[in-house]
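What follows is the content of upload09.cif, which has mmCIF, C-alpha atoms:
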data_query
loop_
_atom_site.group_PDB
_atom_site.id
_atom_site.type_symbol
_atom_site.label_atom_id
_atom_site.label_comp_id
_atom_site.auth_asym_id
_atom_site.auth_seq_id
_atom_site.Cartn_x
_atom_site.Cartn_y
_atom_site.Cartn_z
ATOM 1 C CA MET A 1110 0.000 0.000 0.000
ATOM 2 C CA GLN A 1111 1.226 3.481 -0.800
ATOM 3 C CA TYR A 1112 0.641 6.249 1.692
ATOM 4 C CA ASP A 1113 0.200 9.916 0.879
ATOM 5 C CA TRP A 1114 2.853 11.618 2.987
ATOM 6 C CA SER A 1115 2.215 14.962 1.313
ATOM 7 C CA ARG A 1116 -1.144 15.278 3.082
ATOM 8 C CA SER A 1117 -0.679 17.861 5.832
ATOM 9 C CA SER A 1118 -2.057 17.789 9.336
ATOM 10 C CA SER A 1119 -3.970 20.507 11.135
ATOM 11 C CA ILE A 1120 -2.329 19.331 14.368
ATOM 12 C CA PRO A 1121 0.983 21.239 14.672
ATOM 13 C CA SER A 1122 2.765 18.511 16.682
ATOM 14 C CA LEU A 1123 1.641 15.883 14.152
ATOM 15 C CA ALA A 1124 2.859 18.067 11.280
ATOM 16 C CA ALA A 1125 6.274 18.194 13.001
ATOM 17 C CA ILE A 1126 6.305 14.396 13.296
ATOM 18 C CA LEU A 1127 5.433 14.111 9.587
ATOM 19 C CA ALA A 1128 8.411 16.319 8.745
ATOM 20 C CA GLN A 1129 10.656 13.938 10.720
ATOM 21 C CA ARG A 1130 9.137 10.779 9.237
ATOM 22 C CA GLU A 1131 12.285 9.442 7.564
ATOM 23 C CA GLU A 1132 14.376 9.910 10.699
ATOM 24 C CA ILE A 1133 11.713 8.154 12.776
ATOM 25 C CA PHE A 1134 11.469 5.262 10.316
ATOM 26 C CA THR A 1135 15.261 4.940 10.254
ATOM 27 C CA LYS A 1136 15.347 4.724 14.038
ATOM 28 C CA GLN A 1137 12.501 2.164 14.070
ATOM 29 C CA ARG A 1138 14.294 0.141 11.381
ATOM 30 C CA ALA A 1139 17.267 -0.048 13.741
ATOM 31 C CA PHE A 1140 15.211 -2.614 15.642
ATOM 32 C CA ASN A 1141 15.755 -5.067 12.800
ATOM 33 C CA ASP A 1142 18.144 -7.950 13.301
ATOM 34 C CA ARG A 1143 21.345 -6.679 11.629
ATOM 35 C CA ALA A 1144 21.235 -3.146 12.989
ATOM 36 C CA LEU A 1145 20.409 -4.319 16.498
ATOM 37 C CA ARG A 1146 23.298 -6.799 16.504
ATOM 38 C CA ARG A 1147 25.699 -4.084 15.292
ATOM 39 C CA GLY A 1148 24.489 -1.744 18.010
ATOM 40 C CA LEU A 1149 24.845 -4.385 20.706
ATOM 41 C CA ARG A 1150 28.350 -5.313 19.475
ATOM 42 C CA ALA A 1151 29.339 -1.647 19.571
ATOM 43 C CA LEU A 1152 27.892 -1.318 23.057
ATOM 44 C CA ALA A 1153 29.780 -4.435 24.162
ATOM 45 C CA ALA A 1154 33.017 -3.057 22.722
ATOM 46 C CA ARG A 1155 32.535 0.166 24.690
ATOM 47 C CA ARG A 1156 31.717 -1.658 27.906
ATOM 48 C CA HIS A 1157 34.067 -4.564 27.223
ATOM 49 C CA ARG A 1158 31.275 -6.910 28.170
ATOM 50 C CA LEU A 1159 27.496 -6.955 28.305
ATOM 51 C CA THR A 1160 25.679 -7.568 31.520
ATOM 52 C CA ARG A 1161 22.929 -9.257 29.521
ATOM 53 C CA PRO A 1162 23.329 -11.473 26.489
ATOM 54 C CA PRO A 1163 22.390 -9.655 23.269
ATOM 55 C CA HIS A 1164 18.854 -10.225 22.017
ATOM 56 C CA PRO A 1165 18.552 -10.349 18.256
ATOM 57 C CA SER A 1166 15.585 -8.334 17.129
ATOM 58 C CA ALA A 1167 13.935 -11.280 15.398
ATOM 59 C CA GLU A 1168 13.682 -12.987 18.783
ATOM 60 C CA LEU A 1169 12.349 -9.819 20.437
ATOM 61 C CA GLN A 1170 9.842 -9.364 17.622
ATOM 62 C CA ARG A 1171 8.645 -12.967 18.090
ATOM 63 C CA LYS A 1172 8.455 -12.627 21.884
ATOM 64 C CA SER A 1173 6.536 -9.362 21.496
ATOM 65 C CA GLN A 1174 4.104 -11.003 19.083
ATOM 66 C CA ASP A 1175 3.569 -13.915 21.496
ATOM 67 C CA LEU A 1176 2.950 -11.596 24.462
ATOM 68 C CA ILE A 1177 0.504 -9.493 22.441
ATOM 69 C CA ALA A 1178 -1.386 -12.578 21.219
ATOM 70 C CA ALA A 1179 -1.639 -13.876 24.785
ATOM 71 C CA LYS A 1180 -2.912 -10.509 26.026
ATOM 72 C CA LEU A 1181 -5.426 -10.234 23.181
ATOM 73 C CA ALA A 1182 -6.717 -13.718 24.060
ATOM 74 C CA THR A 1183 -7.685 -12.403 27.504
ATOM 75 C CA TYR A 1184 -10.137 -10.053 25.791
ATOM 76 C CA ALA A 1185 -11.942 -12.835 23.918
ATOM 77 C CA ARG A 1186 -14.800 -13.066 26.412
ATOM 78 C CA SER A 1187 -15.364 -9.325 26.649
ATOM 79 C CA GLY A 1188 -15.820 -8.864 22.920
ATOM 80 C CA ASN A 1189 -12.833 -6.524 22.691
ATOM 81 C CA PHE A 1190 -10.609 -9.211 21.144
ATOM 82 C CA SER A 1191 -11.667 -8.487 17.582
ATOM 83 C CA THR A 1192 -11.720 -4.714 18.160
ATOM 84 C CA PHE A 1193 -8.191 -4.622 19.591
ATOM 85 C CA GLY A 1194 -6.991 -7.376 17.254
ATOM 86 C CA TYR A 1195 -8.171 -5.449 14.216
ATOM 87 C CA LYS A 1196 -6.341 -2.296 15.338
ATOM 88 C CA VAL A 1197 -3.119 -4.236 15.997
ATOM 89 C CA SER A 1198 -3.437 -5.997 12.642
ATOM 90 C CA ALA A 1199 -3.911 -2.668 10.825
ATOM 91 C CA TYR A 1200 -0.794 -1.321 12.551
ATOM 92 C CA CYS A 1201 1.202 -4.408 11.499
ATOM 93 C CA SER A 1202 0.038 -3.905 7.896
ATOM 94 C CA PHE A 1203 1.157 -0.283 8.070
ATOM 95 C CA SER A 1204 4.548 -1.368 9.443
ATOM 96 C CA ARG A 1205 5.040 -3.834 6.590
ATOM 97 C CA ALA A 1206 4.022 -1.218 4.019
ATOM 98 C CA VAL A 1207 6.584 1.303 5.279
ATOM 99 C CA ASN A 1208 9.200 -1.412 5.851
ATOM 100 C CA ILE A 1209 9.663 -1.065 9.604
ATOM 101 C CA PRO A 1210 9.464 -3.684 12.344
ATOM 102 C CA PRO A 1211 6.180 -3.288 14.241
ATOM 103 C CA TRP A 1212 7.610 -3.687 17.719
ATOM 104 C CA PRO A 1213 8.236 -1.881 19.929
ATOM 105 C CA VAL A 1214 5.241 0.420 19.585
ATOM 106 C CA THR A 1215 6.472 3.981 20.059
ATOM 107 C CA PRO A 1216 4.638 7.322 20.057
ATOM 108 C CA PRO A 1217 6.156 8.777 16.861
ATOM 109 C CA VAL A 1218 5.368 5.636 14.853
ATOM 110 C CA VAL A 1219 1.833 5.582 16.284
ATOM 111 C CA ALA A 1220 1.491 9.261 15.306
ATOM 112 C CA LEU A 1221 2.521 8.451 11.733
ATOM 113 C CA PHE A 1222 0.141 5.481 11.680
ATOM 114 C CA VAL A 1223 -2.849 7.509 12.897
ATOM 115 C CA HIS A 1224 -2.115 10.281 10.414
ATOM 116 C CA GLN A 1225 -2.227 7.820 7.528
ATOM 117 C CA ASN A 1226 -5.282 6.108 8.975
ATOM 118 C CA SER A 1227 -7.253 9.196 9.910
ATOM 119 C CA TYR A 1228 -10.363 7.541 8.514
ATOM 120 C CA TYR A 1229 -10.954 5.997 11.950
ATOM 121 C CA ALA A 1230 -14.274 7.216 13.243
ATOM 122 C CA THR A 1231 -13.833 9.685 16.038
ATOM 123 C CA SER A 1232 -15.672 7.294 18.328
ATOM 124 C CA SER A 1233 -13.051 4.562 17.795
ATOM 125 C CA ARG A 1234 -9.930 6.693 18.227
ATOM 126 C CA GLY A 1235 -9.908 6.148 21.979
ATOM 127 C CA VAL A 1236 -10.160 2.399 21.419
ATOM 128 C CA LEU A 1237 -7.195 2.542 19.057
ATOM 129 C CA VAL A 1238 -5.081 4.406 21.625
ATOM 130 C CA THR A 1239 -6.175 1.942 24.325
ATOM 131 C CA ALA A 1240 -5.073 -0.951 22.107
ATOM 132 C CA PHE A 1241 -1.654 0.641 21.600
ATOM 133 C CA ASN A 1242 -1.305 1.312 25.325
ATOM 134 C CA MET A 1243 -2.007 -2.373 25.961
ATOM 135 C CA VAL A 1244 0.560 -3.485 23.367
ATOM 136 C CA HIS A 1245 3.151 -1.058 24.712
ATOM 137 C CA LYS A 1246 2.682 -2.145 28.332
ATOM 138 C CA VAL A 1247 2.878 -5.831 27.442
ATOM 139 C CA CYS A 1248 6.156 -5.430 25.514
ATOM 140 C CA ARG A 1249 7.914 -2.513 27.182
ATOM 141 C CA GLU A 1250 10.074 -4.604 29.491
ATOM 142 C CA LEU A 1251 11.464 -6.578 26.538
ATOM 143 C CA TRP A 1252 12.640 -3.429 24.784
ATOM 144 C CA GLU A 1253 13.728 -1.162 27.665
ATOM 145 C CA THR A 1254 17.433 -2.009 27.398
ATOM 146 C CA VAL A 1255 17.599 -1.964 23.602
ATOM 147 C CA PRO A 1256 19.528 1.006 22.202
ATOM 148 C CA GLY A 1257 17.223 3.611 20.670
ATOM 149 C CA PHE A 1258 14.028 2.546 22.437
ATOM 150 C CA ARG A 1259 14.082 5.343 25.027
ATOM 151 C CA GLU A 1260 14.787 7.947 22.323
ATOM 152 C CA LEU A 1261 11.717 6.943 20.312
ATOM 153 C CA LEU A 1262 9.604 6.596 23.445
ATOM 154 C CA GLU A 1263 10.429 10.184 24.411
ATOM 155 C CA TRP A 1264 10.371 11.686 20.897
ATOM 156 C CA PRO A 1265 9.486 15.400 21.245
ATOM 157 C CA GLY A 1266 5.859 16.155 20.486
ATOM 158 C CA ALA A 1267 4.852 12.579 19.629
ATOM 159 C CA GLN A 1268 2.723 11.968 22.722
ATOM 160 C CA GLY A 1269 0.971 15.286 22.201
ATOM 161 C CA ALA A 1270 0.353 14.550 18.527
ATOM 162 C CA VAL A 1271 -1.449 11.309 19.329
ATOM 163 C CA VAL A 1272 -3.391 12.902 22.193
ATOM 164 C CA GLU A 1273 -4.518 15.745 19.891
ATOM 165 C CA TRP A 1274 -5.528 13.236 17.201
ATOM 166 C CA LYS A 1275 -7.477 11.283 19.822
ATOM 167 C CA ARG A 1276 -9.233 14.466 20.956
ATOM 168 C CA GLY A 1277 -11.088 14.366 17.674
ATOM 169 C CA SER A 1278 -13.260 11.920 19.598
ATOM 170 C CA ARG A 1279 -15.325 12.756 22.612
ATOM 171 C CA ALA A 1280 -12.971 14.069 25.261
ATOM 172 C CA SER A 1281 -12.166 11.456 27.859
ATOM 173 C CA PRO A 1282 -10.885 12.395 31.320
ATOM 174 C CA ASP A 1283 -7.422 11.154 30.297
ATOM 175 C CA SER A 1284 -7.285 13.238 27.123
ATOM 176 C CA ARG A 1285 -8.461 16.354 28.961
ATOM 177 C CA ARG A 1286 -5.618 15.919 31.448
ATOM 178 C CA GLY A 1287 -3.130 15.320 28.640
ATOM 179 C CA ARG A 1288 -2.173 11.911 30.062
ATOM 180 C CA PRO A 1289 0.627 10.276 28.048
ATOM 181 C CA VAL A 1290 -0.550 7.867 25.408
ATOM 182 C CA LEU A 1291 2.133 5.236 25.892
ATOM 183 C CA HIS A 1292 3.274 5.082 29.483
#

Encoded form (structure tokens):
Amino acid sequence: MQYDWSRSSSIPSLAAILAQREEIFTKQRAFNDRALRRGLRALAARRHRLTRPPHPSAELQRKSQDLIAAKLATYARSGNFSTFGYKVSAYCSFSRAVNIPPWPVTPPVVALFVHQNSYYATSSRGVLVTAFNMVHKVCRELWETVPGFRELLEWPGAQGAVVEWKRGSRASPDSRRGRPVLH
């Protein structure tokens, strides 16, 4: 699928994220197997040894996928399984289309995803953000020590961009307080 990156955003923080799209994608691509191994080798060379064995990204991607599937299965009885599953599946399709690994879920990548998928009804935007919060919480511990994760997690303006996009829906108490999207 081709995305129209020339389409502007009326949300200033989202427009700034769009302008940094290639840098964000490059940093997300660093979570692929080769780049992650290079980064861990460089880190090991600087420290002379790692305190943890290096985790190739393919293994982290698989573990993330397994954790997410297990968490989604817990929603099967409530009826939210298909709702959350659909949102996660759409995000994975987006990730494949732009050639980035889907995990870890980070605010700037979510901001780019929601911009390209702005067709979501305003009533389902909160559900989408809730699904990404769930995915992030389930996988965060796996990715915390990986080089580059913290930088993408704290990308300037990304949290605000997603919160502003979400505000297109009815204002929830969390969105009115400006609560971080991925925490």

| For the file shown, what are the residues hit by the PyMOL selection byres ((chain A and resi 1237-1240) around 8), laid out as a PyMOL selection string? | chain A and resi 1193+1196-1197+1233-1236+1241-1244+1275+1290

| With distances taken over only C-alpha atoms, which of A:Cys1248, A:Ser1173, A:Leu1127, A:Met1110 is nearest to Val1223 in chain A? |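 Nearest candidate to Val1223 in chain A out of A:Cys1248, A:Ser1173, A:Leu1127, A:Met1110: A:Leu1127.
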
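Within 9 Å of range 1129-1143 of chain A, once only C-alpha atoms are used and residues closer than 4 positions along the same chain are dropped, the contacting residues are Trp1114, Ala1124, Ala1125, Arg1147, Gly1148, Pro1165, Ser1166, Ala1167, Glu1168, Gln1170, Val1207, Asn1208, Ile1209, Pro1210, Pro1211, Trp1212, Pro1213, Thr1215, Pro1217, Val1218, Leu1221, Val1255, Pro1256, Gly1257, Phe1258, Glu1260, Leu1261 and Trp1264 of chain A.
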
| task | Check what the PyMOL selection byres ((chain A and resi 1122) around 8) selects in the file above and give those residues as a PyMOL selection string. | result | chain A and resi 1120-1121+1123-1126+1266-1267+1269-1270

Based on the selection just made, write C-alpha atoms of those residues as an mmCIF file, in the coordinates of the input.
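This is the output file out_15.cif:
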data_model
loop_
_atom_site.group_PDB
_atom_site.id
_atom_site.type_symbol
_atom_site.label_atom_id
_atom_site.label_comp_id
_atom_site.auth_asym_id
_atom_site.auth_seq_id
_atom_site.Cartn_x
_atom_site.Cartn_y
_atom_site.Cartn_z
ATOM 1 C CA ILE A 1120 -2.329 19.331 14.368
ATOM 2 C CA PRO A 1121 0.983 21.239 14.672
ATOM 3 C CA LEU A 1123 1.641 15.883 14.152
ATOM 4 C CA ALA A 1124 2.859 18.067 11.280
ATOM 5 C CA ALA A 1125 6.274 18.194 13.001
ATOM 6 C CA ILE A 1126 6.305 14.396 13.296
ATOM 7 C CA GLY A 1266 5.859 16.155 20.486
ATOM 8 C CA ALA A 1267 4.852 12.579 19.629
ATOM 9 C CA GLY A 1269 0.971 15.286 22.201
ATOM 10 C CA ALA A 1270 0.353 14.550 18.527
#

| Pick from A:Val1247, A:Val1271, A:Ala1220, A:Ala1199 nearest to Ala1179 in chain A, counting only C-alpha atoms |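 Comparing A:Val1247, A:Val1271, A:Ala1220, A:Ala1199 against Ala1179 in chain A, the winner is A:Val1247.
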